[in-house]
Amino acid sequence: MTSHQEHIAPSMVALLAAAAGLIVANLYYAQTLVGPIATATGLSADAAGLVVTLTQIGYTLGLLFIVPLGDLLENRRLVVTALAATAVALVAAAFATSAWVFLAAALAIGLGSVAAQILVPFAAHLSHESKRGHTVGKVVSGLLLGIMLARPAASLVADRTSWHVVFAGAAVLIALLALVLRAKLPQRVPHSRTTYPKLIGSLWTLFKTTPVLRRRAAYHAGLFGSFSLFWTVVPLALASPMFGLSQTGIAVFALVGMAGAVASPVAGKLADAGHSLAATAAALGLGIAGFALPLIAPGSRDVALAILGIASIVLDMGVAANLVLGQRAIFTLGAEVRSRLNGLYFAVFFAGGAAGSALGGWVYARHGWHAALLAGMAMPAAALLYWVGEASERQAAAV
């Protein structure tokens with residue numbers, strides 16, 4: 001975008017934020033519905049985890065092999081095509097009666113849902129450099145709200161109807177969204193004339209030669225890993241005799257964390273003002289605090305539950321802020337590689353998220369609630385130690 005062009009309109013920012021949230025929600029509907037889906041499709045207890053795992057695998061593959069196309073193909077058409085495919089996959093999931101059909105649909109849902117990660121660089125392209133962080137922050141707020149709302153919304157809808165309705169409703173929403181984006185998004189044709197094999201082949205080179213990308217991805221892998229651990233373990237703890245919440249109560253608790261999304265635009269403004277280094281330390285500190293608070297909770301159930309609710313907001317604020325800080329940093333590296341950088345960034349920290357989920361479930365089952373909290377705290381703490389290296393480098397360069 002040239003300097004004389006107008007900044008992205010607030011209505012377009014709102015549309016992109018809502019779209020990102022609706023799209024990414026597709027990845028999380030199944031997380032609270034694994035039991036009924038496994039029962040209905042004949043999945044064994046040992047294989048039930050594939051319901052979530054295959055969606056995440058599809059998303060990771062899409063980040064690596066579809067999102068980079070944003071640097072090669074016209075972006076609006078790419079987004080609408082991905083959403084059309086996602087809507088078909090959601091219909092297949094809604095009407096699946098066998099395990100293999102649902103699992104294939106889950107993989108396809110993950111692949112198509114990477115459209116959200118084409119929209120975030122799209123917002124950056126439409127923004128002035130001086131306001132890019134703030135714009136990206138608002139769009140990421142929508143994305144995070146989609147993540148946080150998906151699980152409680154799926155639980156509440158399934159409790160009152162069935163899990164089939166969750167996926168059928170999502171298919172309708174995504175189909176309508178595709179039509180709206182087709183009508184409202186401007187065209188964006190990248191200037192690159194490379195081929196797809198060369199585009200994919202460049203990913204490793206980009207990762208190897210871009211220290212900012214590696215560092216920001218490592219920071220967020222630690223935070224997103226702790227976030228995934230938290231939301232894997234907390235529902236188990238809330239349903240246990242320690243808190244004794246019903247599924248509806250757990251859904252309501254999950255809504256509390258939505259307040260953390262307010263940190264995204266704030267972080268974007270701090271990044272635009274040149275305060276990314278300090279803001280990153282603050283975000284990682286919030287991640288640590290999100291696990292420290294429940295560790296010091298008193299024996300009273302109600303007080304402990306209130307502190308856990310505050311902890312969820314604090315942790316989500318750290319995750320929301322750091323995600324925006326990372327994207328703001330990598331989006332300054334060049335418009336011609338922006339989609340590839342974004343895909344690599346998300347692929348790395350989603351791997352951290354998968355590790356966090358697996359670690360949390362294992363530690364909680366083997367060693368209990370406090371051990372899981374300590375494991376969660378260790379991940380952003382390790383990222384903060386890595387941050388010290390960057391701070392030291394900058395201090396040495398300034399001398």
# chains A, B, ... in the order shown; residues from 1 in each chain; ligands from 1
>>> residues_around(residues="range 15-25 of chain A", least_positions_apart="6", cutoff="8 Å", atoms="only C-alpha atoms", output="MDAnalysis selection string")
chainID A and resid 113:117 119:120 123 138:147 149:150 173:174 177
>>> select_by_dssp(residues="range 274-318 of chain A", states="helix (DSSP H, G or I)", output="ChimeraX atom specification")
/A:276-295,301-318
>>> closest_atom_pairs(of="range 334-389 of chain A", to="range 310-316 of chain A", cutoff="12 Å", atoms="only C-alpha atoms", output="CSV")
residue,atom,partner,partner_atom,distance
A:Leu373,CA,A:Ala311,CA,11.2
A:Gly376,CA,A:Leu315,CA,10.6
A:Met377,CA,A:Leu315,CA,10.3
A:Pro380,CA,A:Leu315,CA,10.2
>>> closest_residue(among="A:Ala94, A:Ala378, A:Ile118, A:Ala217", to="Ala168 in chain A", atoms="only C-alpha atoms")
A:Ala94
>>> atom_distance(atom1="CA of Trp387 in chain A", atom2="CA of Met258 in chain A")
26.6 Å
>>> residues_around(residues="range 329-334 of chain A", least_positions_apart="4", cutoff="12 Å", atoms="only C-alpha atoms", output="JSON, numbers by chain")
{"A": [1, 71, 120, 121, 122, 123, 124, 125, 127, 128, 129, 130, 131, 132, 133, 135, 136, 206, 207, 209, 210, 211, 212, 213, 214, 215, 216, 217, 267, 268, 270, 271, 272, 274, 275, 276, 277, 280, 322, 323, 324, 325, 338, 339, 340, 341, 342, 343, 344, 345, 346]}
>>> decode(residues="range 192-208 of chain A", atoms="C-alpha atoms", output="PDB file, in the first residue's frame")
ATOM      1  CA  SER A 192       5.375 -12.614  -7.124  1.00  0.00           C
ATOM      2  CA  ARG A 193       5.921 -14.594 -10.330  1.00  0.00           C
ATOM      3  CA  THR A 194       7.470 -17.652  -8.707  1.00  0.00           C
ATOM      4  CA  THR A 195       6.102 -21.193  -8.967  1.00  0.00           C
ATOM      5  CA  TYR A 196       4.393 -23.176  -6.221  1.00  0.00           C
ATOM      6  CA  PRO A 197       7.283 -25.688  -5.792  1.00  0.00           C
ATOM      7  CA  LYS A 198       9.735 -22.795  -5.415  1.00  0.00           C
ATOM      8  CA  LEU A 199       7.322 -21.061  -3.028  1.00  0.00           C
ATOM      9  CA  ILE A 200       7.169 -24.101  -0.729  1.00  0.00           C
ATOM     10  CA  GLY A 201      10.882 -24.724  -1.118  1.00  0.00           C
ATOM     11  CA  SER A 202      11.555 -21.215   0.157  1.00  0.00           C
ATOM     12  CA  LEU A 203       9.933 -21.916   3.539  1.00  0.00           C
ATOM     13  CA  TRP A 204      12.986 -23.538   5.084  1.00  0.00           C
ATOM     14  CA  THR A 205      15.243 -20.807   3.714  1.00  0.00           C
ATOM     15  CA  LEU A 206      12.970 -18.148   5.200  1.00  0.00           C
ATOM     16  CA  PHE A 207      12.937 -19.869   8.579  1.00  0.00           C
ATOM     17  CA  LYS A 208      16.707 -20.386   8.579  1.00  0.00           C
TER      18      LYS A 208
END
